[in-house]
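The data block below is target_13.pdb; it holds PDB, C-alpha atoms and all ligand atoms.
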```
MODEL        1
ATOM      1  CA  MET A   1     151.426  74.785 112.320  1.00  0.00           C
ATOM      2  CA  ASN A   2     154.881  76.174 113.011  1.00  0.00           C
ATOM      3  CA  LEU A   3     157.633  74.521 111.030  1.00  0.00           C
ATOM      4  CA  ILE A   4     160.400  76.211 113.047  1.00  0.00           C
ATOM      5  CA  GLU A   5     159.998  77.768 116.441  1.00  0.00           C
ATOM      6  CA  ALA A   6     162.880  79.457 118.266  1.00  0.00           C
ATOM      7  CA  GLN A   7     162.447  80.429 121.888  1.00  0.00           C
ATOM      8  CA  ASP A   8     164.677  82.912 123.721  1.00  0.00           C
ATOM      9  CA  LEU A   9     167.838  82.085 121.767  1.00  0.00           C
ATOM     10  CA  SER A  10     171.120  83.447 123.004  1.00  0.00           C
ATOM     11  CA  LYS A  11     174.589  83.051 121.530  1.00  0.00           C
ATOM     12  CA  VAL A  12     177.830  83.971 123.222  1.00  0.00           C
ATOM     13  CA  TYR A  13     181.139  83.719 121.375  1.00  0.00           C
ATOM     14  CA  HIS A  14     184.454  83.757 123.205  1.00  0.00           C
ATOM     15  CA  ARG A  15     187.366  85.580 121.634  1.00  0.00           C
ATOM     16  CA  GLY A  16     190.285  85.332 124.037  1.00  0.00           C
ATOM     17  CA  SER A  17     188.980  86.692 127.303  1.00  0.00           C
ATOM     18  CA  GLU A  18     186.298  88.694 125.503  1.00  0.00           C
ATOM     19  CA  GLU A  19     182.652  87.558 125.477  1.00  0.00           C
ATOM     20  CA  ILE A  20     180.583  88.530 122.450  1.00  0.00           C
ATOM     21  CA  HIS A  21     176.836  88.398 123.037  1.00  0.00           C
ATOM     22  CA  ALA A  22     175.684  87.953 119.447  1.00  0.00           C
ATOM     23  CA  LEU A  23     172.059  86.914 120.149  1.00  0.00           C
ATOM     24  CA  LYS A  24     170.254  88.207 123.211  1.00  0.00           C
ATOM     25  CA  GLY A  25     166.945  86.403 123.598  1.00  0.00           C
ATOM     26  CA  VAL A  26     165.584  85.915 120.099  1.00  0.00           C
ATOM     27  CA  SER A  27     162.176  84.261 119.691  1.00  0.00           C
ATOM     28  CA  LEU A  28     160.508  83.656 116.367  1.00  0.00           C
ATOM     29  CA  SER A  29     158.125  81.241 114.713  1.00  0.00           C
ATOM     30  CA  VAL A  30     157.939  80.419 111.042  1.00  0.00           C
ATOM     31  CA  LYS A  31     154.868  78.689 109.674  1.00  0.00           C
ATOM     32  CA  ALA A  32     155.067  76.022 106.998  1.00  0.00           C
ATOM     33  CA  GLY A  33     154.734  77.735 103.615  1.00  0.00           C
ATOM     34  CA  GLU A  34     155.841  81.163 104.819  1.00  0.00           C
ATOM     35  CA  PHE A  35     158.538  83.273 103.112  1.00  0.00           C
ATOM     36  CA  VAL A  36     160.339  85.313 105.776  1.00  0.00           C
ATOM     37  CA  SER A  37     163.101  87.907 105.309  1.00  0.00           C
ATOM     38  CA  ILE A  38     165.609  88.732 108.023  1.00  0.00           C
ATOM     39  CA  VAL A  39     167.289  92.134 107.660  1.00  0.00           C
ATOM     40  CA  GLY A  40     169.770  93.983 109.844  1.00  0.00           C
ATOM     41  CA  PRO A  41     173.136  95.721 109.746  1.00  0.00           C
ATOM     42  CA  SER A  42     176.400  93.831 109.481  1.00  0.00           C
ATOM     43  CA  GLY A  43     177.302  92.165 112.779  1.00  0.00           C
ATOM     44  CA  SER A  44     173.726  92.184 114.087  1.00  0.00           C
ATOM     45  CA  GLY A  45     173.569  88.372 114.414  1.00  0.00           C
ATOM     46  CA  LYS A  46     171.833  87.299 111.180  1.00  0.00           C
ATOM     47  CA  THR A  47     174.273  84.544 110.211  1.00  0.00           C
ATOM     48  CA  GLY A  48     174.486  83.255 113.787  1.00  0.00           C
ATOM     49  CA  LEU A  49     170.704  83.072 113.976  1.00  0.00           C
ATOM     50  CA  LEU A  50     170.367  81.316 110.621  1.00  0.00           C
ATOM     51  CA  ASN A  51     173.043  78.771 111.563  1.00  0.00           C
ATOM     52  CA  ILE A  52     171.169  77.933 114.763  1.00  0.00           C
ATOM     53  CA  LEU A  53     167.798  77.682 112.975  1.00  0.00           C
ATOM     54  CA  GLY A  54     169.482  75.396 110.410  1.00  0.00           C
ATOM     55  CA  LEU A  55     171.002  73.156 113.115  1.00  0.00           C
ATOM     56  CA  LEU A  56     174.520  74.007 111.954  1.00  0.00           C
ATOM     57  CA  ASP A  57     175.327  75.493 115.362  1.00  0.00           C
ATOM     58  CA  ASP A  58     174.104  75.237 118.971  1.00  0.00           C
ATOM     59  CA  PRO A  59     172.669  78.195 120.851  1.00  0.00           C
ATOM     60  CA  SER A  60     174.203  79.136 124.215  1.00  0.00           C
ATOM     61  CA  GLY A  61     170.662  79.278 125.626  1.00  0.00           C
ATOM     62  CA  GLY A  62     167.072  78.840 124.474  1.00  0.00           C
ATOM     63  CA  SER A  63     165.555  76.218 122.216  1.00  0.00           C
ATOM     64  CA  VAL A  64     164.712  75.364 118.617  1.00  0.00           C
ATOM     65  CA  LYS A  65     161.707  73.241 117.720  1.00  0.00           C
ATOM     66  CA  VAL A  66     161.062  71.674 114.319  1.00  0.00           C
ATOM     67  CA  HIS A  67     157.455  70.518 113.816  1.00  0.00           C
ATOM     68  CA  GLY A  68     156.947  70.998 117.550  1.00  0.00           C
ATOM     69  CA  THR A  69     159.812  68.712 118.574  1.00  0.00           C
ATOM     70  CA  ASP A  70     162.676  70.196 120.553  1.00  0.00           C
ATOM     71  CA  VAL A  71     165.843  69.567 118.515  1.00  0.00           C
ATOM     72  CA  THR A  72     168.206  71.743 120.545  1.00  0.00           C
ATOM     73  CA  HIS A  73     170.059  68.845 122.123  1.00  0.00           C
ATOM     74  CA  LEU A  74     169.755  66.295 119.364  1.00  0.00           C
ATOM     75  CA  LYS A  75     172.651  63.873 118.902  1.00  0.00           C
ATOM     76  CA  GLU A  76     174.879  64.736 115.925  1.00  0.00           C
ATOM     77  CA  LYS A  77     173.732  61.689 113.925  1.00  0.00           C
ATOM     78  CA  GLN A  78     170.027  62.598 114.216  1.00  0.00           C
ATOM     79  CA  ARG A  79     170.853  66.223 113.549  1.00  0.00           C
ATOM     80  CA  VAL A  80     172.640  65.310 110.293  1.00  0.00           C
ATOM     81  CA  VAL A  81     169.614  63.320 109.101  1.00  0.00           C
ATOM     82  CA  LEU A  82     167.123  66.041 110.049  1.00  0.00           C
ATOM     83  CA  ARG A  83     169.271  68.679 108.329  1.00  0.00           C
ATOM     84  CA  ARG A  84     169.711  66.573 105.210  1.00  0.00           C
ATOM     85  CA  ASP A  85     166.020  65.689 104.865  1.00  0.00           C
ATOM     86  CA  THR A  86     164.415  68.956 105.959  1.00  0.00           C
ATOM     87  CA  ILE A  87     166.696  71.886 105.193  1.00  0.00           C
ATOM     88  CA  GLY A  88     168.311  73.289 102.066  1.00  0.00           C
ATOM     89  CA  PHE A  89     171.089  75.875 102.479  1.00  0.00           C
ATOM     90  CA  VAL A  90     172.066  78.674 100.103  1.00  0.00           C
ATOM     91  CA  PHE A  91     175.071  80.931 100.757  1.00  0.00           C
ATOM     92  CA  GLN A  92     176.360  84.215  99.380  1.00  0.00           C
ATOM     93  CA  GLN A  93     179.465  82.502  97.939  1.00  0.00           C
ATOM     94  CA  PHE A  94     177.515  79.741  96.073  1.00  0.00           C
ATOM     95  CA  PHE A  95     180.076  77.031  97.082  1.00  0.00           C
ATOM     96  CA  LEU A  96     179.885  75.133  93.792  1.00  0.00           C
ATOM     97  CA  ILE A  97     182.571  72.535  93.045  1.00  0.00           C
ATOM     98  CA  PRO A  98     184.612  74.190  90.260  1.00  0.00           C
ATOM     99  CA  THR A  99     185.514  70.907  88.514  1.00  0.00           C
ATOM    100  CA  MET A 100     181.916  69.667  88.311  1.00  0.00           C
ATOM    101  CA  THR A 101     179.288  70.704  85.770  1.00  0.00           C
ATOM    102  CA  ALA A 102     176.059  72.435  86.781  1.00  0.00           C
ATOM    103  CA  ARG A 103     174.254  69.081  86.537  1.00  0.00           C
ATOM    104  CA  GLU A 104     176.873  67.308  88.675  1.00  0.00           C
ATOM    105  CA  ASN A 105     176.780  70.100  91.262  1.00  0.00           C
ATOM    106  CA  LEU A 106     172.987  69.699  91.449  1.00  0.00           C
ATOM    107  CA  GLU A 107     173.269  65.963  92.015  1.00  0.00           C
ATOM    108  CA  LEU A 108     175.992  66.232  94.666  1.00  0.00           C
ATOM    109  CA  PRO A 109     173.643  66.025  97.712  1.00  0.00           C
ATOM    110  CA  LEU A 110     172.311  62.668  96.459  1.00  0.00           C
ATOM    111  CA  LEU A 111     175.749  61.220  97.167  1.00  0.00           C
ATOM    112  CA  PHE A 112     175.266  61.947 100.860  1.00  0.00           C
ATOM    113  CA  SER A 113     171.684  60.679 100.999  1.00  0.00           C
ATOM    114  CA  ARG A 114     172.743  57.588  98.978  1.00  0.00           C
ATOM    115  CA  THR A 115     169.989  58.231  96.454  1.00  0.00           C
ATOM    116  CA  LYS A 116     170.421  57.342  92.797  1.00  0.00           C
ATOM    117  CA  PRO A 117     170.137  60.408  90.573  1.00  0.00           C
ATOM    118  CA  ASP A 118     166.897  60.500  88.605  1.00  0.00           C
ATOM    119  CA  PRO A 119     167.856  62.217  85.331  1.00  0.00           C
ATOM    120  CA  LYS A 120     164.253  63.362  84.796  1.00  0.00           C
ATOM    121  CA  LYS A 121     164.212  65.119  88.154  1.00  0.00           C
ATOM    122  CA  THR A 122     167.578  66.809  87.552  1.00  0.00           C
ATOM    123  CA  GLU A 123     166.462  68.021  84.124  1.00  0.00           C
ATOM    124  CA  SER A 124     163.154  69.318  85.475  1.00  0.00           C
ATOM    125  CA  ILE A 125     164.963  71.298  88.186  1.00  0.00           C
ATOM    126  CA  LEU A 126     167.418  72.691  85.587  1.00  0.00           C
ATOM    127  CA  GLU A 127     164.402  73.673  83.507  1.00  0.00           C
ATOM    128  CA  MET A 128     162.637  75.341  86.435  1.00  0.00           C
ATOM    129  CA  LEU A 129     165.828  77.308  87.152  1.00  0.00           C
ATOM    130  CA  GLY A 130     165.973  78.463  83.519  1.00  0.00           C
ATOM    131  CA  LEU A 131     169.227  76.510  83.105  1.00  0.00           C
ATOM    132  CA  ALA A 132     168.172  73.704  80.767  1.00  0.00           C
ATOM    133  CA  HIS A 133     170.917  74.769  78.315  1.00  0.00           C
ATOM    134  CA  ARG A 134     173.590  75.074  81.038  1.00  0.00           C
ATOM    135  CA  GLY A 135     173.650  71.539  82.472  1.00  0.00           C
ATOM    136  CA  ASP A 136     177.042  70.668  80.946  1.00  0.00           C
ATOM    137  CA  HIS A 137     178.715  73.949  81.845  1.00  0.00           C
ATOM    138  CA  LEU A 138     181.340  74.324  84.543  1.00  0.00           C
ATOM    139  CA  PRO A 139     180.856  77.063  87.160  1.00  0.00           C
ATOM    140  CA  TYR A 140     183.444  79.372  85.532  1.00  0.00           C
ATOM    141  CA  GLN A 141     181.327  79.328  82.356  1.00  0.00           C
ATOM    142  CA  LEU A 142     178.282  80.605  84.254  1.00  0.00           C
ATOM    143  CA  SER A 143     177.310  84.105  85.397  1.00  0.00           C
ATOM    144  CA  GLY A 144     176.957  84.847  89.117  1.00  0.00           C
ATOM    145  CA  GLY A 145     173.173  84.660  88.881  1.00  0.00           C
ATOM    146  CA  GLU A 146     173.365  81.302  87.092  1.00  0.00           C
ATOM    147  CA  MET A 147     175.785  79.947  89.707  1.00  0.00           C
ATOM    148  CA  GLN A 148     173.413  80.966  92.478  1.00  0.00           C
ATOM    149  CA  ARG A 149     170.508  79.312  90.669  1.00  0.00           C
ATOM    150  CA  VAL A 150     172.551  76.086  90.503  1.00  0.00           C
ATOM    151  CA  ALA A 151     173.194  76.417  94.259  1.00  0.00           C
ATOM    152  CA  ILE A 152     169.445  76.836  94.854  1.00  0.00           C
ATOM    153  CA  GLY A 153     168.767  73.781  92.675  1.00  0.00           C
ATOM    154  CA  ARG A 154     171.310  71.809  94.707  1.00  0.00           C
ATOM    155  CA  ALA A 155     169.483  72.866  97.886  1.00  0.00           C
ATOM    156  CA  LEU A 156     166.226  71.543  96.374  1.00  0.00           C
ATOM    157  CA  MET A 157     167.529  68.108  95.339  1.00  0.00           C
ATOM    158  CA  ASN A 158     166.600  66.328  98.582  1.00  0.00           C
ATOM    159  CA  ASP A 159     163.095  67.888  98.586  1.00  0.00           C
ATOM    160  CA  PRO A 160     163.588  70.022 101.708  1.00  0.00           C
ATOM    161  CA  GLU A 161     160.722  71.630 103.622  1.00  0.00           C
ATOM    162  CA  VAL A 162     162.611  74.855 104.171  1.00  0.00           C
ATOM    163  CA  ILE A 163     165.322  76.839 102.378  1.00  0.00           C
ATOM    164  CA  LEU A 164     167.660  78.924 104.539  1.00  0.00           C
ATOM    165  CA  ALA A 165     169.593  81.490 102.530  1.00  0.00           C
ATOM    166  CA  ASP A 166     172.306  83.789 103.919  1.00  0.00           C
ATOM    167  CA  GLU A 167     172.683  86.931 101.758  1.00  0.00           C
ATOM    168  CA  PRO A 168     172.049  84.923  98.567  1.00  0.00           C
ATOM    169  CA  THR A 169     172.172  88.032  96.368  1.00  0.00           C
ATOM    170  CA  GLY A 170     175.119  89.662  98.167  1.00  0.00           C
ATOM    171  CA  ASN A 171     177.423  88.979  95.188  1.00  0.00           C
ATOM    172  CA  LEU A 172     174.879  89.652  92.433  1.00  0.00           C
ATOM    173  CA  ASP A 173     173.836  92.623  90.304  1.00  0.00           C
ATOM    174  CA  SER A 174     170.286  93.944  90.604  1.00  0.00           C
ATOM    175  CA  VAL A 175     168.896  92.071  87.566  1.00  0.00           C
ATOM    176  CA  SER A 176     170.228  88.706  88.799  1.00  0.00           C
ATOM    177  CA  SER A 177     169.032  89.496  92.330  1.00  0.00           C
ATOM    178  CA  GLU A 178     165.560  90.162  90.980  1.00  0.00           C
ATOM    179  CA  MET A 179     165.586  86.778  89.199  1.00  0.00           C
ATOM    180  CA  ILE A 180     166.614  85.006  92.404  1.00  0.00           C
ATOM    181  CA  TYR A 181     163.727  86.611  94.297  1.00  0.00           C
ATOM    182  CA  ASN A 182     161.295  85.703  91.503  1.00  0.00           C
ATOM    183  CA  LEU A 183     162.498  82.131  91.911  1.00  0.00           C
ATOM    184  CA  PHE A 184     162.023  82.321  95.700  1.00  0.00           C
ATOM    185  CA  ARG A 185     158.434  83.520  95.209  1.00  0.00           C
ATOM    186  CA  GLU A 186     157.816  80.720  92.746  1.00  0.00           C
ATOM    187  CA  LEU A 187     159.102  78.184  95.279  1.00  0.00           C
ATOM    188  CA  ARG A 188     157.011  79.746  98.028  1.00  0.00           C
ATOM    189  CA  ASN A 189     153.929  79.504  95.805  1.00  0.00           C
ATOM    190  CA  LYS A 190     154.694  75.796  95.408  1.00  0.00           C
ATOM    191  CA  GLY A 191     154.476  75.431  99.206  1.00  0.00           C
ATOM    192  CA  LEU A 192     158.131  75.669 100.243  1.00  0.00           C
ATOM    193  CA  THR A 193     159.092  77.597 103.394  1.00  0.00           C
ATOM    194  CA  LEU A 194     161.903  80.164 102.975  1.00  0.00           C
ATOM    195  CA  ILE A 195     163.970  82.129 105.484  1.00  0.00           C
ATOM    196  CA  VAL A 196     166.243  84.568 103.668  1.00  0.00           C
ATOM    197  CA  VAL A 197     168.795  86.960 105.163  1.00  0.00           C
ATOM    198  CA  THR A 198     169.434  90.083 103.099  1.00  0.00           C
ATOM    199  CA  HIS A 199     170.867  93.572 103.338  1.00  0.00           C
ATOM    200  CA  ASN A 200     168.542  94.824 100.636  1.00  0.00           C
ATOM    201  CA  THR A 201     165.358  96.190 102.197  1.00  0.00           C
ATOM    202  CA  ASP A 202     163.543  96.435  98.833  1.00  0.00           C
ATOM    203  CA  LEU A 203     164.183  92.766  98.087  1.00  0.00           C
ATOM    204  CA  ALA A 204     163.302  91.852 101.686  1.00  0.00           C
ATOM    205  CA  LYS A 205     159.790  93.184 101.095  1.00  0.00           C
ATOM    206  CA  ARG A 206     159.186  90.524  98.444  1.00  0.00           C
ATOM    207  CA  ALA A 207     158.723  88.095 101.362  1.00  0.00           C
ATOM    208  CA  ASP A 208     155.488  87.621 103.321  1.00  0.00           C
ATOM    209  CA  ARG A 209     157.086  89.007 106.460  1.00  0.00           C
ATOM    210  CA  VAL A 210     160.203  91.026 107.317  1.00  0.00           C
ATOM    211  CA  ILE A 211     161.986  90.512 110.623  1.00  0.00           C
ATOM    212  CA  THR A 212     164.560  93.116 111.633  1.00  0.00           C
ATOM    213  CA  ILE A 213     167.466  92.283 113.923  1.00  0.00           C
ATOM    214  CA  ARG A 214     169.753  94.791 115.612  1.00  0.00           C
ATOM    215  CA  ASP A 215     172.542  94.023 118.099  1.00  0.00           C
ATOM    216  CA  GLY A 216     171.227  90.502 118.610  1.00  0.00           C
ATOM    217  CA  ILE A 217     167.642  91.552 119.344  1.00  0.00           C
ATOM    218  CA  LEU A 218     164.619  91.326 117.042  1.00  0.00           C
ATOM    219  CA  THR A 219     163.297  94.862 116.721  1.00  0.00           C
ATOM    220  CA  GLU A 220     160.539  94.565 114.142  1.00  0.00           C
ATOM    221  CA  ASN A 221     158.270  91.875 112.824  1.00  0.00           C
ATOM    222  CA  GLU A 222     156.337  93.326 109.947  1.00  0.00           C
ATOM    223  CA  GLN A 223     153.746  91.642 107.788  1.00  0.00           C
ATOM    224  CA  VAL A 224     154.235  92.844 104.230  1.00  0.00           C
ATOM    225  CA  CYS A 225     151.863  92.382 101.398  1.00  0.00           C
ATOM    226  CA  CYS A 226     153.488  91.160  98.236  1.00  0.00           C
ATOM    227  CA  PRO A 227     151.870  92.489  95.065  1.00  0.00           C
ATOM    228  CA  CYS A 228     154.001  90.216  92.914  1.00  0.00           C
ATOM    229  CA  SER A 229     153.080  86.733  94.100  1.00  0.00           C
TER     230      SER A 229
HETATM  231  N1  LIG A 301     182.871  82.428 115.533  1.00  0.00           N
HETATM  232  C1  LIG A 301     182.796  83.645 116.087  1.00  0.00           C
HETATM  233  N2  LIG A 301     183.650  84.017 117.070  1.00  0.00           N
HETATM  234  C2  LIG A 301     183.581  85.229 117.643  1.00  0.00           C
HETATM  235  N3  LIG A 301     182.677  86.165 117.295  1.00  0.00           N
HETATM  236  C3  LIG A 301     181.803  85.865 116.337  1.00  0.00           C
HETATM  237  C4  LIG A 301     181.812  84.593 115.660  1.00  0.00           C
HETATM  238  N4  LIG A 301     180.830  84.578 114.747  1.00  0.00           N
HETATM  239  C5  LIG A 301     180.223  85.783 114.833  1.00  0.00           C
HETATM  240  N5  LIG A 301     180.799  86.560 115.778  1.00  0.00           N
HETATM  241  C6  LIG A 301     180.377  87.921 116.170  1.00  0.00           C
HETATM  242  O1  LIG A 301     178.985  87.880 116.489  1.00  0.00           O
HETATM  243  C7  LIG A 301     178.326  89.038 116.004  1.00  0.00           C
HETATM  244  C8  LIG A 301     177.220  88.624 115.028  1.00  0.00           C
HETATM  245  O2  LIG A 301     177.802  88.021 113.884  1.00  0.00           O
HETATM  246  P1  LIG A 301     176.960  87.499 112.626  1.00  0.00           P
HETATM  247  O3  LIG A 301     175.885  86.597 113.094  1.00  0.00           O
HETATM  248  O4  LIG A 301     177.939  86.940 111.660  1.00  0.00           O
HETATM  249  O5  LIG A 301     176.336  88.876 112.071  1.00  0.00           O
HETATM  250  P2  LIG A 301     175.742  89.252 110.624  1.00  0.00           P
HETATM  251  O6  LIG A 301     175.543  87.993 109.858  1.00  0.00           O
HETATM  252  O7  LIG A 301     174.473  89.987 110.928  1.00  0.00           O
HETATM  253  O8  LIG A 301     176.748  90.168 109.991  1.00  0.00           O
HETATM  254  C9  LIG A 301     179.389  89.910 115.383  1.00  0.00           C
HETATM  255  O9  LIG A 301     179.818  90.827 116.344  1.00  0.00           O
HETATM  256  C10 LIG A 301     180.491  88.919 115.050  1.00  0.00           C
HETATM  257  O10 LIG A 301     181.751  89.549 115.051  1.00  0.00           O
HETATM  258 MG    MG A 302     176.249  87.418 108.011  1.00  0.00          MG
ENDMDL
END
```
Could you quickly redo this structure as structure tokens?
Ligand SMILES: Nc1ncnc2c1ncn2[C@@H]1O[C@H](COP(=O)(O)OP(=O)(O)O)[C@@H](O)[C@H]1O
Ligand SMILES: [Mg+2]
Amino acid sequence: MNLIEAQDLSKVYHRGSEEIHALKGVSLSVKAGEFVSIVGPSGSGKTGLLNILGLLDDPSGGSVKVHGTDVTHLKEKQRVVLRRDTIGFVFQQFFLIPTMTARENLELPLLFSRTKPDPKKTESILEMLGLAHRGDHLPYQLSGGEMQRVAIGRALMNDPEVILADEPTGNLDSVSSEMIYNLFRELRNKGLTLIVVTHNTDLAKRADRVITIRDGILTENEQVCCPCS
């Protein structure tokens, strides 16, 4: 069963009188439980594609289906609910609230889903992230890798079906990057679906499949075998 299915996506941006064709007919399907990497040079359309797959932006043409239902023209209210309940986002810049502790940052999404925090759940996620001893720390007291792990934990709080990550290790050293990918594999082995954009082709190969994008066109769709799962 495909969790996300994109058909013939196009995206045109307008900058003054200039038209920028950022996606030129992209089709891809991601099965539930799959870990997929998207690689490609800067400006190739990775972020635009991820934003459309994550229902943060509309395509100029084509369609996106989630669980077989076309969600391309969903009303904003339904889109917000689907995004909140199905998708967890992780970004290169972490986007933690600097005045909130790691624990409070984790629990932030519950505010929007009007769910009462369950301290046991928060602690178990902190534990899984290897951050049990960091719950009371503010972001500035954490390393980059720890901040990104908090951001991943925050993305997991509403029990999403899929994690979409845009260059999640772009600001991290190689050891922290390795830890993030170990965590991704762990989550994948627990049944989560992951779509991760990266520049790093070695890290990309830790996924089940690597999709390459160039000038808004998918050029490769390679099954890789992960020895480290
Ligand atoms: N809001 C926007 N307005 C105009 N052009 C944009 C906008 N967002 C992205 N682009 C252009 O679309 C192309 C693809 O961008 P993007 O998806 O961000 O690429 P990547 O993430 O692979 O670096 C680039 O040429 C970029 O300059
Ligand atoms: Mg980008």
Could you tell me which residues the PyMOL selection byres (((chain A and resi 115-121) around 12) and not hetatm) returns for this structure, as a list in words?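 Checking the PyMOL selection byres (((chain A and resi 115-121) around 12) and not hetatm) against this file, the residues are Asp85, Arg103, Glu104, Asn105, Leu106, Glu107, Leu108, Pro109, Leu110, Leu111, Phe112, Ser113, Arg114, Thr122, Glu123, Ser124, Ile125, Leu126, Glu127, Met128, Ala132, Gly135, Gly153, Arg154, Leu156, Met157, Asn158 and Asp159 of chain A.
From CA of Pro41 (chain A) back to CA of Arg214 (chain A), the distance works out to 6.8 Å.
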From A:Leu82, A:Leu49, A:Met1, A:Val210, residue lying nearest ligand LIG 301 (chain A) [only C-alpha atoms and all ligand atoms]: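 Among A:Leu82, A:Leu49, A:Met1, A:Val210, it is A:Leu49 that comes nearest to ligand LIG 301 (chain A).
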Which residue out of A:Gln93, A:Thr169, A:Asn182, A:Thr47 has the minimum interatomic distance to Asn200 (chain A) when only C-alpha atoms are used? A:Thr169
Name every residue that the PyMOL selection byres (((chain A and resi 223) around 10) and not hetatm) selects in this structure, writing the answer as a list in words with chains first and numbers rising. Val36, Lys205, Ala207, Asp208, Arg209, Val210, Ile211, Glu220, Asn221, Glu222, Val224, Cys225 and Cys226 of chain A
Just so I have it separately, write region 118-168 of chain A from the block I sent, keeping C-alpha atoms, as a CSV table (one decimal), in the first residue's frame.
```csv
chain,number,residue,atom,x,y,z
A,118,ASP,CA,1.6,12.3,29.2
A,119,PRO,CA,4.9,12.6,31.2
A,120,LYS,CA,5.6,8.9,30.7
A,121,LYS,CA,5.4,9.3,26.9
A,122,THR,CA,7.7,12.4,27.0
A,123,GLU,CA,10.2,10.6,29.1
A,124,SER,CA,10.2,7.5,27.0
A,125,ILE,CA,10.8,9.6,23.8
A,126,LEU,CA,13.7,11.5,25.6
A,127,GLU,CA,15.1,8.1,26.6
A,128,MET,CA,14.8,6.7,23.0
A,129,LEU,CA,16.6,9.8,21.8
A,130,GLY,CA,19.4,9.3,24.3
A,131,LEU,CA,18.4,12.6,26.0
A,132,ALA,CA,17.0,11.3,29.3
A,133,HIS,CA,19.5,13.6,31.2
A,134,ARG,CA,18.8,16.6,29.0
A,135,GLY,CA,15.1,17.2,29.5
A,136,ASP,CA,15.6,20.3,31.6
A,137,HIS,CA,18.2,21.9,29.4
A,138,LEU,CA,17.6,24.9,27.2
A,139,PRO,CA,18.6,24.6,23.5
A,140,TYR,CA,21.7,26.8,24.0
A,141,GLN,CA,23.0,24.2,26.5
A,142,LEU,CA,22.7,21.4,23.9
A,143,SER,CA,25.0,20.4,21.0
A,144,GLY,CA,23.7,20.6,17.4
A,145,GLY,CA,23.1,16.8,17.3
A,146,GLU,CA,21.2,17.0,20.6
A,147,MET,CA,19.1,19.9,19.3
A,148,GLN,CA,18.2,17.9,16.2
A,149,ARG,CA,17.3,14.9,18.2
A,150,VAL,CA,14.9,17.1,20.2
A,151,ALA,CA,13.4,18.3,16.9
A,152,ILE,CA,12.9,14.7,15.8
A,153,GLY,CA,11.3,13.9,19.2
A,154,ARG,CA,9.0,16.9,18.7
A,155,ALA,CA,8.1,15.5,15.2
A,156,LEU,CA,7.2,12.2,16.9
A,157,MET,CA,4.9,13.5,19.6
A,158,ASN,CA,1.7,13.2,17.7
A,159,ASP,CA,2.5,9.7,16.5
A,160,PRO,CA,2.9,10.5,12.8
A,161,GLU,CA,2.9,7.9,10.0
A,162,VAL,CA,5.7,9.7,8.1
A,163,ILE,CA,8.7,11.9,8.9
A,164,LEU,CA,9.7,14.4,6.3
A,165,ALA,CA,13.2,15.8,6.9
A,166,ASP,CA,14.9,18.5,4.8
A,167,GLU,CA,18.7,18.3,5.1
A,168,PRO,CA,18.4,17.3,8.8
```
